[in-house]
file query15.tsv (TSV, C-alpha atoms)
chain	number	residue	atom	x	y	z
A	517	MET	CA	-6.07	5.09	16.94
A	518	ILE	CA	-3.43	7.65	15.93
A	519	ARG	CA	-0.96	4.84	15.26
A	520	ARG	CA	-3.42	3.08	13.01
A	521	ARG	CA	-4.02	6.28	11.05
A	522	VAL	CA	-0.28	6.79	10.73
A	523	ALA	CA	0.11	3.24	9.48
A	524	ASP	CA	-2.65	3.76	6.90
A	525	LEU	CA	-0.94	6.91	5.70
A	526	LEU	CA	2.37	5.08	5.37
A	527	ILE	CA	0.80	2.29	3.35
A	528	SER	CA	-0.67	4.78	0.89
A	529	ILE	CA	2.70	6.46	0.37
A	530	PHE	CA	4.71	3.23	0.26
A	531	VAL	CA	5.64	3.68	-3.39
A	532	LEU	CA	6.65	7.30	-2.80
A	533	LEU	CA	9.09	6.23	-0.12
A	534	LEU	CA	10.99	3.80	-2.35
A	535	PHE	CA	13.27	6.46	-3.81
A	536	HIS	CA	15.87	5.32	-6.30
A	537	PRO	CA	19.27	6.50	-4.99
A	538	ALA	CA	21.26	6.51	-8.21
A	539	VAL	CA	22.04	9.90	-9.70
A	540	HIS	CA	20.64	10.19	-13.21
A	541	ALA	CA	23.13	8.81	-15.71
A	542	ALA	CA	23.03	11.88	-17.93
A	543	ILE	CA	24.27	14.13	-15.12
A	544	LEU	CA	27.89	13.86	-14.03
A	545	LEU	CA	27.78	16.47	-11.29
A	546	ASP	CA	24.94	17.07	-8.84
A	547	ARG	CA	23.73	20.56	-8.07
A	548	VAL	CA	21.56	22.39	-5.57
A	549	VAL	CA	18.09	23.22	-6.91
A	550	ALA	CA	16.64	24.77	-3.75
A	551	VAL	CA	17.54	25.87	-0.25
A	552	VAL	CA	14.87	25.48	2.45
A	553	ASN	CA	16.01	27.48	5.45
A	554	LYS	CA	19.48	25.90	5.91
A	555	GLU	CA	18.69	22.60	4.19
A	556	VAL	CA	19.53	22.01	0.54
A	557	ILE	CA	17.61	20.01	-2.07
A	558	THR	CA	19.71	18.54	-4.84
A	559	TRP	CA	18.86	17.83	-8.44
A	560	SER	CA	19.37	14.10	-7.92
A	561	GLU	CA	17.01	14.07	-4.92
A	562	LEU	CA	14.34	15.83	-6.98
A	563	TYR	CA	14.70	13.40	-9.88
A	564	ARG	CA	14.56	10.37	-7.59
A	565	ILE	CA	11.11	11.52	-6.48
A	566	MET	CA	9.92	12.04	-10.04
A	567	GLU	CA	11.23	8.60	-11.01
A	568	SER	CA	9.50	6.94	-8.05
A	569	GLU	CA	6.16	8.64	-8.74
A	570	ALA	CA	6.19	8.13	-12.51
A	571	SER	CA	3.40	5.99	-13.92
A	572	GLU	CA	4.22	2.71	-15.63
A	573	GLN	CA	3.41	4.39	-18.94
A	574	VAL	CA	6.04	7.07	-18.33
A	575	LYS	CA	8.61	4.53	-17.14
A	576	ALA	CA	8.13	2.60	-20.39
A	577	LEU	CA	9.15	5.60	-22.52
A	578	ASN	CA	12.64	5.95	-23.92
A	579	ASP	CA	15.13	8.12	-22.02
A	580	GLU	CA	14.61	11.20	-24.19
A	581	GLU	CA	10.81	11.21	-23.91
A	582	ARG	CA	10.86	10.39	-20.18
A	583	ASN	CA	13.41	13.13	-19.44
A	584	LYS	CA	11.30	15.63	-21.37
A	585	ILE	CA	8.30	14.85	-19.16
A	586	PHE	CA	10.45	15.08	-16.02
A	587	LYS	CA	11.87	18.42	-17.18
A	588	ASN	CA	8.36	19.83	-17.71
A	589	ASN	CA	7.36	18.76	-14.19
A	590	GLU	CA	10.48	19.78	-12.28
A	591	ALA	CA	8.91	22.88	-10.73
A	592	ALA	CA	5.74	21.13	-9.52
A	593	PHE	CA	7.64	18.26	-7.91
A	594	LEU	CA	10.12	20.64	-6.33
A	595	GLU	CA	7.24	22.46	-4.63
A	596	LYS	CA	6.03	19.15	-3.15
A	597	LEU	CA	9.52	18.34	-1.88
A	598	ILE	CA	9.87	21.79	-0.32
A	599	ASP	CA	6.57	21.30	1.51
A	600	MET	CA	7.82	17.98	2.90
A	601	LYS	CA	11.09	19.53	4.08
A	602	LEU	CA	9.23	22.37	5.79
A	603	GLN	CA	6.96	19.97	7.66
A	604	ILE	CA	9.87	17.88	8.90
A	605	GLN	CA	11.65	21.01	10.06
A	606	GLU	CA	8.52	22.23	11.85
A	607	ALA	CA	8.11	18.89	13.61
A	608	GLY	CA	11.68	19.19	14.83
A	609	ARG	CA	11.04	22.72	16.07
A	610	LEU	CA	8.07	21.41	18.07
A	611	GLY	CA	10.30	18.79	19.68
A	612	LEU	CA	8.37	15.87	18.19
A	613	GLN	CA	10.18	12.56	18.02
A	614	VAL	CA	9.50	9.13	16.56
A	615	ARG	CA	10.07	6.05	18.70
A	616	GLU	CA	11.68	2.95	17.24
A	617	GLU	CA	8.55	0.96	18.15
A	618	GLU	CA	6.42	3.20	15.91
A	619	VAL	CA	8.67	2.57	12.92
A	620	LYS	CA	8.61	-1.18	13.57
A	621	GLU	CA	4.81	-1.13	13.82
A	622	ALA	CA	4.57	0.76	10.52
A	623	ILE	CA	6.82	-1.78	8.79
A	624	GLU	CA	4.74	-4.68	10.15
A	625	ASN	CA	1.57	-3.02	8.83
A	626	ILE	CA	3.12	-2.60	5.39
A	627	LYS	CA	4.25	-6.23	5.32
A	628	LYS	CA	0.79	-7.37	6.40
A	629	LYS	CA	-0.97	-5.17	3.85
A	630	TYR	CA	1.13	-6.42	0.95
A	631	GLN	CA	1.60	-9.96	2.34
A	632	MET	CA	5.37	-9.55	2.36
A	633	THR	CA	7.96	-11.50	4.31
A	634	ASP	CA	11.08	-9.84	5.71
A	635	ALA	CA	13.04	-11.29	2.82
A	636	ALA	CA	10.53	-10.01	0.24
A	637	LEU	CA	10.62	-6.52	1.71
A	638	GLU	CA	14.40	-6.42	1.74
A	639	GLU	CA	14.51	-7.71	-1.84
A	640	SER	CA	12.09	-4.95	-2.89
A	641	LEU	CA	14.28	-2.35	-1.20
A	642	LYS	CA	17.38	-3.82	-2.80
A	643	LYS	CA	15.85	-3.46	-6.27
A	644	GLU	CA	15.31	0.22	-5.52
A	645	GLY	CA	18.88	0.57	-4.27
A	646	LEU	CA	17.76	1.39	-0.74
A	647	THR	CA	19.17	-0.11	2.45
A	648	PHE	CA	16.85	-1.15	5.25
A	649	GLU	CA	18.24	1.60	7.52
A	650	GLU	CA	17.63	4.23	4.84
A	651	TYR	CA	14.09	2.95	4.44
A	652	LYS	CA	13.46	3.17	8.18
A	653	LYS	CA	14.65	6.79	8.07
A	654	ARG	CA	12.13	7.57	5.30
A	655	LEU	CA	9.35	5.99	7.35
A	656	SER	CA	10.43	7.91	10.44
A	657	ASP	CA	10.23	11.20	8.52
A	658	GLN	CA	6.70	10.39	7.35
A	659	ILE	CA	5.57	9.49	10.86
A	660	LEU	CA	7.08	12.75	12.07
A	661	ILE	CA	5.07	14.70	9.48
A	662	SER	CA	1.92	12.85	10.51
A	663	GLN	CA	2.55	13.62	14.18
A	664	SER	CA	3.01	17.29	13.35
A	665	ILE	CA	-0.22	17.37	11.32
A	666	ASN	CA	-2.12	15.69	14.15
A	667	HIS	CA	-0.69	18.16	16.65
A	668	GLN	CA	-1.12	21.31	14.56
A	669	ILE	CA	-4.33	20.59	12.65
A	670	LYS	CA	-6.34	17.40	13.22
A	671	SER	CA	-6.53	17.69	17.01
A	672	LYS	CA	-8.05	21.16	16.66
A	673	ILE	CA	-10.88	20.24	14.26
A	674	VAL	CA	-14.23	19.84	16.00
A	675	ILE	CA	-17.46	19.56	14.01
A	676	THR	CA	-20.49	20.37	16.15
A	677	ASP	CA	-24.04	19.03	15.87
A	678	GLU	CA	-25.11	22.54	14.85
A	679	GLN	CA	-22.73	22.49	11.88
A	680	VAL	CA	-24.11	19.14	10.76
A	681	LYS	CA	-27.65	20.47	11.10
A	682	LYS	CA	-26.84	23.57	9.02
A	683	TYR	CA	-25.28	21.41	6.32
A	684	ILE	CA	-28.40	19.25	6.11
A	685	GLU	CA	-30.64	22.32	5.93
A	686	SER	CA	-28.50	24.23	3.41
A	687	HIS	CA	-28.27	21.23	1.08
A	688	LYS	CA	-31.95	20.43	1.54
A	689	LEU	CA	-31.11	16.86	2.48
A	690	SER	CA	-33.76	14.45	3.59
A	691	LEU	CA	-32.88	11.93	6.27
A	692	ALA	CA	-35.30	9.49	4.71
A	693	GLY	CA	-33.74	6.39	3.23
A	694	GLU	CA	-32.57	6.57	-0.41
A	695	GLU	CA	-29.46	5.24	-2.13
A	696	GLU	CA	-26.69	7.79	-2.26
A	697	VAL	CA	-23.16	8.01	-3.62
A	698	ARG	CA	-20.25	10.10	-2.48
A	699	LEU	CA	-18.20	11.40	-5.41
A	700	LYS	CA	-15.04	13.28	-6.23
A	701	GLN	CA	-14.78	15.04	-9.57
A	702	ILE	CA	-12.31	16.50	-12.03
A	703	PHE	CA	-14.23	18.73	-14.42
A	704	PHE	CA	-13.57	20.75	-17.58
A	705	ARG	CA	-16.17	23.21	-18.83
A	706	LYS	CA	-17.67	22.57	-22.25
A	707	PRO	CA	-15.66	24.65	-24.72
A	708	LYS	CA	-17.41	27.16	-26.94
A	709	ASP	CA	-15.19	26.07	-29.78
A	710	ASP	CA	-15.75	22.40	-30.66
A	711	SER	CA	-12.19	22.19	-31.95
A	712	ARG	CA	-11.01	22.23	-28.32
A	713	ARG	CA	-12.94	19.07	-27.44
A	714	LYS	CA	-10.13	16.81	-28.64
A	715	GLU	CA	-7.60	18.84	-26.66
A	716	LEU	CA	-9.64	18.43	-23.47
A	717	GLU	CA	-10.15	14.72	-24.12
A	718	GLU	CA	-6.38	14.24	-24.48
A	719	LYS	CA	-5.76	16.15	-21.25
A	720	ALA	CA	-8.39	14.06	-19.44
A	721	ALA	CA	-6.85	10.84	-20.79
A	722	MET	CA	-3.45	11.94	-19.46
A	723	ILE	CA	-4.97	12.60	-16.03
A	724	VAL	CA	-6.58	9.15	-15.97
A	725	GLN	CA	-3.20	7.59	-16.76
A	726	ARG	CA	-1.62	9.49	-13.86
A	727	LEU	CA	-4.41	8.29	-11.57
A	728	LYS	CA	-3.77	4.71	-12.69
A	729	GLY	CA	-0.14	5.31	-11.84
A	730	GLY	CA	-1.10	5.98	-8.23
A	731	GLU	CA	-1.33	9.77	-8.09
A	732	ASP	CA	-3.81	11.35	-5.69
A	733	PHE	CA	-7.22	12.28	-7.15
A	734	SER	CA	-7.66	15.40	-5.01
A	735	ALA	CA	-4.17	16.66	-5.86
A	736	LEU	CA	-4.82	16.33	-9.60
A	737	ALA	CA	-8.23	17.97	-9.19
A	738	TRP	CA	-6.56	20.91	-7.44
A	739	GLU	CA	-4.12	21.19	-10.35
A	740	TYR	CA	-6.51	20.76	-13.29
A	741	SER	CA	-10.21	20.82	-12.39
A	742	GLU	CA	-12.39	23.81	-13.25
A	743	ASP	CA	-15.00	22.83	-10.67
A	744	PRO	CA	-15.17	24.82	-7.38
A	745	SER	CA	-15.02	21.52	-5.47
A	746	ALA	CA	-11.34	21.25	-6.47
A	747	LYS	CA	-10.53	23.74	-3.71
A	748	ILE	CA	-12.04	21.49	-1.03
A	749	GLY	CA	-10.47	18.24	-2.07
A	750	SER	CA	-12.67	17.72	-5.18
A	751	ASP	CA	-15.38	16.21	-2.96
A	752	LEU	CA	-18.97	16.60	-4.20
A	753	GLY	CA	-20.32	15.11	-0.98
A	754	TYR	CA	-23.25	12.72	-0.81
A	755	VAL	CA	-25.61	12.84	-3.77
A	756	LYS	CA	-28.88	11.00	-4.17
A	757	LYS	CA	-29.18	9.13	-7.44
A	758	SER	CA	-32.55	10.69	-8.09
A	759	TYR	CA	-30.80	14.09	-8.35
A	760	MET	CA	-28.21	12.96	-10.92
A	761	ALA	CA	-28.07	13.41	-14.68
A	762	LYS	CA	-28.57	10.24	-16.69
A	763	GLU	CA	-24.94	10.32	-17.88
A	764	PHE	CA	-23.74	10.10	-14.28
A	765	ILE	CA	-26.08	7.23	-13.42
A	766	ASP	CA	-24.98	5.27	-16.51
A	767	VAL	CA	-21.29	5.71	-15.66
A	768	LEU	CA	-21.76	4.91	-11.97
A	769	SER	CA	-23.84	1.77	-12.38
A	770	PRO	CA	-20.94	-0.70	-12.86
A	771	MET	CA	-18.52	1.16	-10.56
A	772	LYS	CA	-17.42	0.05	-7.10
A	773	ALA	CA	-16.08	2.14	-4.23
A	774	GLY	CA	-12.59	3.37	-5.14
A	775	ASP	CA	-13.14	3.12	-8.92
A	776	VAL	CA	-12.32	6.03	-11.24
A	777	SER	CA	-14.36	6.54	-14.38
A	778	ALA	CA	-13.18	7.11	-17.91
A	779	PRO	CA	-13.74	10.72	-19.04
A	780	PHE	CA	-17.33	11.36	-20.16
A	781	TRP	CA	-19.27	14.32	-21.55
A	782	THR	CA	-22.47	15.96	-20.32
A	783	ASP	CA	-24.10	19.20	-21.44
A	784	GLN	CA	-21.93	21.02	-18.89
A	785	GLY	CA	-18.57	19.63	-19.92
A	786	LEU	CA	-16.10	16.77	-19.51
A	787	HIS	CA	-16.06	14.80	-16.25
A	788	ILE	CA	-13.83	12.28	-14.48
A	789	ILE	CA	-15.40	10.93	-11.30
A	790	LYS	CA	-14.19	8.79	-8.44
A	791	LEU	CA	-16.73	6.77	-6.48
A	792	GLU	CA	-15.75	7.16	-2.83
A	793	GLU	CA	-18.75	5.39	-1.33
A	794	LYS	CA	-22.01	3.82	-2.45
A	795	ILE	CA	-24.59	3.79	0.30
A	796	SER	CA	-27.90	2.05	0.56
A	797	ALA	CA	-30.64	3.70	2.56
A	798	LYS	CA	-29.11	4.94	5.81
A	799	SER	CA	-30.60	5.69	9.16
A	800	SER	CA	-30.69	9.30	10.32
A	801	ASP	CA	-27.74	8.77	12.68
A	802	GLU	CA	-25.66	7.06	10.00
A	803	GLN	CA	-26.22	9.90	7.58
A	804	LYS	CA	-25.31	12.49	10.22
A	805	ASP	CA	-22.09	10.60	10.98
A	806	SER	CA	-21.22	10.54	7.28
A	807	ILE	CA	-21.83	14.27	6.96
A	808	ARG	CA	-19.72	14.94	10.06
A	809	LYS	CA	-16.84	12.96	8.53
A	810	GLN	CA	-17.16	14.89	5.26
A	811	LEU	CA	-17.09	18.23	7.10
A	812	GLU	CA	-14.03	17.13	9.06
A	813	GLU	CA	-12.22	16.25	5.82
A	814	GLU	CA	-13.16	19.58	4.24
A	815	ALA	CA	-11.98	21.46	7.32
A	816	PHE	CA	-8.71	19.55	7.31
A	817	ALA	CA	-8.07	20.28	3.61
A	818	GLU	CA	-8.58	24.00	4.17
A	819	LYS	CA	-6.50	24.17	7.35
A	820	TYR	CA	-3.71	22.08	5.84
A	821	ARG	CA	-3.37	24.48	2.91
A	822	SER	CA	-3.25	27.42	5.34
A	823	TYR	CA	-0.65	25.56	7.44
A	824	ILE	CA	1.64	24.98	4.45
A	825	LYS	CA	1.19	28.60	3.36
A	826	SER	CA	2.19	29.78	6.84
A	827	LEU	CA	5.29	27.54	6.87
A	828	ARG	CA	6.33	28.96	3.52
A	829	GLU	CA	5.74	32.56	4.55
A	830	ASN	CA	7.97	32.13	7.60
A	831	ALA	CA	10.73	30.24	5.82
A	832	ARG	CA	13.72	31.23	3.74
A	833	ILE	CA	13.22	29.45	0.43
A	834	GLU	CA	15.56	29.91	-2.50
A	835	ILE	CA	14.75	28.25	-5.84
A	836	ARG	CA	17.68	27.55	-8.15
A	837	LEU	CA	16.08	25.55	-10.95

call {"tool": "encode", "arguments": {"input": "query15.tsv", "output": "structure tokens"}}
result
Amino acid sequence: MIRRRVADLLISIFVLLLFHPAVHAAILLDRVVAVVNKEVITWSELYRIMESEASEQVKALNDEERNKIFKNNEAAFLEKLIDMKLQIQEAGRLGLQVREEEVKEAIENIKKKYQMTDAALEESLKKEGLTFEEYKKRLSDQILISQSINHQIKSKIVITDEQVKKYIESHKLSLAGEEEVRLKQIFFRKPKDDSRRKELEEKAAMIVQRLKGGEDFSALAWEYSEDPSAKIGSDLGYVKKSYMAKEFIDVLSPMKAGDVSAPFWTDQGLHIIKLEEKISAKSSDEQKDSIRKQLEEEAFAEKYRSYIKSLRENARIEIRL
């Protein structure tokens, strides 16, 4: 079960792992941009991550415009890279190791998911300037992080029947059958000054483009959303359609699980929603299982943030941007 979850994680970060190894052409000499304990992060390493995560729209820009966007996002991406380094270091401190068989299994899952042959995978890596051995090392690091998270966080999360019961009572949920949807949301409050509407619409359009480029919805919600749900992974939980505003129902009607809406206005403000799940009438046990899963995810999001904060507080981090 753990292996399958690890494989799923690796599939979702496949694009992230295909770092471009070439130092940016405009820079003749590399430099250190951060020190994490005794490990350095270089400028070229940072820019390879930004290049790999850039949306197709950003990649299509000319060098000057693309570099301007990268420059404006250096600090945010550096923080992500520092967090990754800290987790790998912590896994090493715990004595965790990755077996060769686990890496092979992860590669087979990726090939199966994307219907790739060995030759197609190697050709893809070649285009990114990455050798197969370098790629295996990237996968090994990600498995190591996943092992550490399982050991430090996931294995310690237990949601009791009493917690599920309290959730049902506090949200006044009925276990009677009715269609429900599970949503995530990025939200901007309605501005008092109508002149700011266009500014918010442009910001929301930019976020949608980043989502289309493969960025994580919850991460962008944490960065931009003005809704309290942003602090718990942007998850609004399970909502009955009968409780929704008409604008939500209209937007949701054509959507399928996994779809992200275009930005839309209500009396409260500007919304971007992601449909996580659309559920027909569920039995009592099915609904309880769904709530338990939601509570587990919320607990994990909170504990993971605390875990990263603790790693940072106990580390020597020097930023040289």

call {"tool": "closest_residue", "arguments": {"input": "query15.tsv", "among": "A:Leu837, A:Lys819, A:Lys601, A:Arg832", "to": "Val548 of chain A", "atoms": "all atoms listed in the file"}}
result
A:Leu837

call {"tool": "atom_distance", "arguments": {"input": "query15.tsv", "atom1": "atom CA of Lys620 of chain A", "atom2": "atom CA of Ala636 of chain A"}}
result
16.1 Å

call {"tool": "atom_distance", "arguments": {"input": "query15.tsv", "atom1": "atom CA of Lys700 of chain A", "atom2": "atom CA of Leu791 of chain A"}}
result
6.7 Å

call {"tool": "residues_around", "arguments": {"input": "query15.tsv", "residues": "Asp805 of chain A", "least_positions_apart": "4", "cutoff": "12 Å", "atoms": "only C-alpha atoms", "output": "list in words"}}
result
Ile675, Thr676, Asp677, Gln679, Val680, Lys681, Ile684, Leu691, Lys798, Ser799, Ser800, Asp801, Lys809, Gln810, Leu811 and Glu812 of chain A

call {"tool": "write_last_selection", "arguments": {"input": "query15.tsv", "atoms": "C-alpha atoms", "output": "mmCIF file, keeping the file's coordinate frame"}}
result
data_model
loop_
_atom_site.group_PDB
_atom_site.id
_atom_site.type_symbol
_atom_site.label_atom_id
_atom_site.label_comp_id
_atom_site.auth_asym_id
_atom_site.auth_seq_id
_atom_site.Cartn_x
_atom_site.Cartn_y
_atom_site.Cartn_z
ATOM 1 C CA ILE A 675 -17.460 19.560 14.010
ATOM 2 C CA THR A 676 -20.490 20.370 16.150
ATOM 3 C CA ASP A 677 -24.040 19.030 15.870
ATOM 4 C CA GLN A 679 -22.730 22.490 11.880
ATOM 5 C CA VAL A 680 -24.110 19.140 10.760
ATOM 6 C CA LYS A 681 -27.650 20.470 11.100
ATOM 7 C CA ILE A 684 -28.400 19.250 6.110
ATOM 8 C CA LEU A 691 -32.880 11.930 6.270
ATOM 9 C CA LYS A 798 -29.110 4.940 5.810
ATOM 10 C CA SER A 799 -30.600 5.690 9.160
ATOM 11 C CA SER A 800 -30.690 9.300 10.320
ATOM 12 C CA ASP A 801 -27.740 8.770 12.680
ATOM 13 C CA LYS A 809 -16.840 12.960 8.530
ATOM 14 C CA GLN A 810 -17.160 14.890 5.260
ATOM 15 C CA LEU A 811 -17.090 18.230 7.100
ATOM 16 C CA GLU A 812 -14.030 17.130 9.060
#

call {"tool": "atom_distance", "arguments": {"input": "query15.tsv", "atom1": "atom CA of Arg698 of chain A", "atom2": "atom CA of Tyr683 of chain A"}}
result
15.2 Å

call {"tool": "residues_around", "arguments": {"input": "query15.tsv", "residues": "Glu649 of chain A", "least_positions_apart": "3", "cutoff": "12 Å", "atoms": "only C-alpha atoms", "output": "PyMOL selection string"}}
result
chain A and resi 616+619-620+623+638+641-642+645-646+652-656

call {"tool": "residues_around", "arguments": {"input": "query15.tsv", "residues": "Ala778 of chain A", "least_positions_apart": "6", "cutoff": "10 Å", "atoms": "all atoms listed in the file", "output": "list in words"}}
result
Ala720, Ala721, Val724, Val767, His787, Ile788, Ile789 and Lys790 of chain A

call {"tool": "write_last_selection", "arguments": {"input": "query15.tsv", "atoms": "C-alpha atoms", "output": "PDB file, in the coordinates of the input"}}
result
ATOM      1  CA  ALA A 720      -8.390  14.060 -19.440  1.00  0.00           C
ATOM      2  CA  ALA A 721      -6.850  10.840 -20.790  1.00  0.00           C
ATOM      3  CA  VAL A 724      -6.580   9.150 -15.970  1.00  0.00           C
ATOM      4  CA  VAL A 767     -21.290   5.710 -15.660  1.00  0.00           C
ATOM      5  CA  HIS A 787     -16.060  14.800 -16.250  1.00  0.00           C
ATOM      6  CA  ILE A 788     -13.830  12.280 -14.480  1.00  0.00           C
ATOM      7  CA  ILE A 789     -15.400  10.930 -11.300  1.00  0.00           C
ATOM      8  CA  LYS A 790     -14.190   8.790  -8.440  1.00  0.00           C
TER       9      LYS A 790
END

call {"tool": "decode", "arguments": {"input": "query15.tsv", "residues": "segment 633-641 of chain A", "atoms": "all heavy atoms", "output": "JSON list (two decimals), in the first residue's frame"}}
result
[["chain", "number", "residue", "atom", "x", "y", "z"],
["A", 633, "THR", "N", 7.59, 3.33, -23.45],
["A", 633, "THR", "CA", 8.56, 2.25, -23.52],
["A", 633, "THR", "C", 9.87, 2.73, -22.88],
["A", 633, "THR", "O", 10.03, 3.93, -22.58],
["A", 633, "THR", "CB", 8.83, 1.86, -24.98],
["A", 633, "THR", "OG1", 9.40, 3.00, -25.65],
["A", 633, "THR", "CG2", 7.55, 1.45, -25.68],
["A", 634, "ASP", "N", 10.81, 1.80, -22.70],
["A", 634, "ASP", "CA", 12.12, 2.19, -22.18],
["A", 634, "ASP", "C", 12.77, 3.23, -23.08],
["A", 634, "ASP", "O", 13.35, 4.21, -22.60],
["A", 634, "ASP", "CB", 13.03, 0.96, -22.06],
["A", 634, "ASP", "CG", 12.63, 0.03, -20.94],
["A", 634, "ASP", "OD1", 11.91, 0.49, -20.02],
["A", 634, "ASP", "OD2", 13.01, -1.16, -20.97],
["A", 635, "ALA", "N", 12.65, 2.99, -24.38],
["A", 635, "ALA", "CA", 13.26, 3.92, -25.34],
["A", 635, "ALA", "C", 12.61, 5.30, -25.27],
["A", 635, "ALA", "O", 13.30, 6.32, -25.34],
["A", 635, "ALA", "CB", 13.14, 3.35, -26.75],
["A", 636, "ALA", "N", 11.28, 5.33, -25.11],
["A", 636, "ALA", "CA", 10.57, 6.62, -25.04],
["A", 636, "ALA", "C", 10.96, 7.38, -23.79],
["A", 636, "ALA", "O", 11.13, 8.62, -23.81],
["A", 636, "ALA", "CB", 9.07, 6.38, -25.07],
["A", 637, "LEU", "N", 11.11, 6.67, -22.67],
["A", 637, "LEU", "CA", 11.51, 7.32, -21.43],
["A", 637, "LEU", "C", 12.92, 7.90, -21.56],
["A", 637, "LEU", "O", 13.16, 9.05, -21.18],
["A", 637, "LEU", "CB", 11.45, 6.32, -20.27],
["A", 637, "LEU", "CG", 11.95, 6.84, -18.91],
["A", 637, "LEU", "CD1", 11.17, 8.06, -18.46],
["A", 637, "LEU", "CD2", 11.88, 5.74, -17.86],
["A", 638, "GLU", "N", 13.83, 7.10, -22.08],
["A", 638, "GLU", "CA", 15.20, 7.57, -22.23],
["A", 638, "GLU", "C", 15.29, 8.75, -23.21],
["A", 638, "GLU", "O", 16.09, 9.67, -23.00],
["A", 638, "GLU", "CB", 16.10, 6.42, -22.69],
["A", 638, "GLU", "CG", 16.30, 5.36, -21.61],
["A", 638, "GLU", "CD", 17.37, 4.35, -21.97],
["A", 638, "GLU", "OE1", 18.18, 4.66, -22.87],
["A", 638, "GLU", "OE2", 17.39, 3.28, -21.36],
["A", 639, "GLU", "N", 14.46, 8.74, -24.24],
["A", 639, "GLU", "CA", 14.44, 9.85, -25.19],
["A", 639, "GLU", "C", 13.94, 11.12, -24.51],
["A", 639, "GLU", "O", 14.45, 12.22, -24.74],
["A", 639, "GLU", "CB", 13.55, 9.51, -26.38],
["A", 639, "GLU", "CG", 13.46, 10.60, -27.45],
["A", 639, "GLU", "CD", 14.81, 10.90, -28.10],
["A", 639, "GLU", "OE1", 15.69, 10.01, -28.11],
["A", 639, "GLU", "OE2", 14.97, 12.02, -28.62],
["A", 640, "SER", "N", 12.90, 10.96, -23.65],
["A", 640, "SER", "CA", 12.37, 12.10, -22.90],
["A", 640, "SER", "C", 13.43, 12.68, -21.98],
["A", 640, "SER", "O", 13.59, 13.90, -21.88],
["A", 640, "SER", "CB", 11.14, 11.67, -22.09],
["A", 640, "SER", "OG", 10.65, 12.74, -21.31],
["A", 641, "LEU", "N", 14.17, 11.80, -21.31],
["A", 641, "LEU", "CA", 15.23, 12.25, -20.41],
["A", 641, "LEU", "C", 16.35, 12.94, -21.20],
["A", 641, "LEU", "O", 16.90, 13.96, -20.76],
["A", 641, "LEU", "CB", 15.80, 11.07, -19.63],
["A", 641, "LEU", "CG", 14.85, 10.35, -18.69],
["A", 641, "LEU", "CD1", 15.55, 9.16, -18.03],
["A", 641, "LEU", "CD2", 14.31, 11.28, -17.62]]
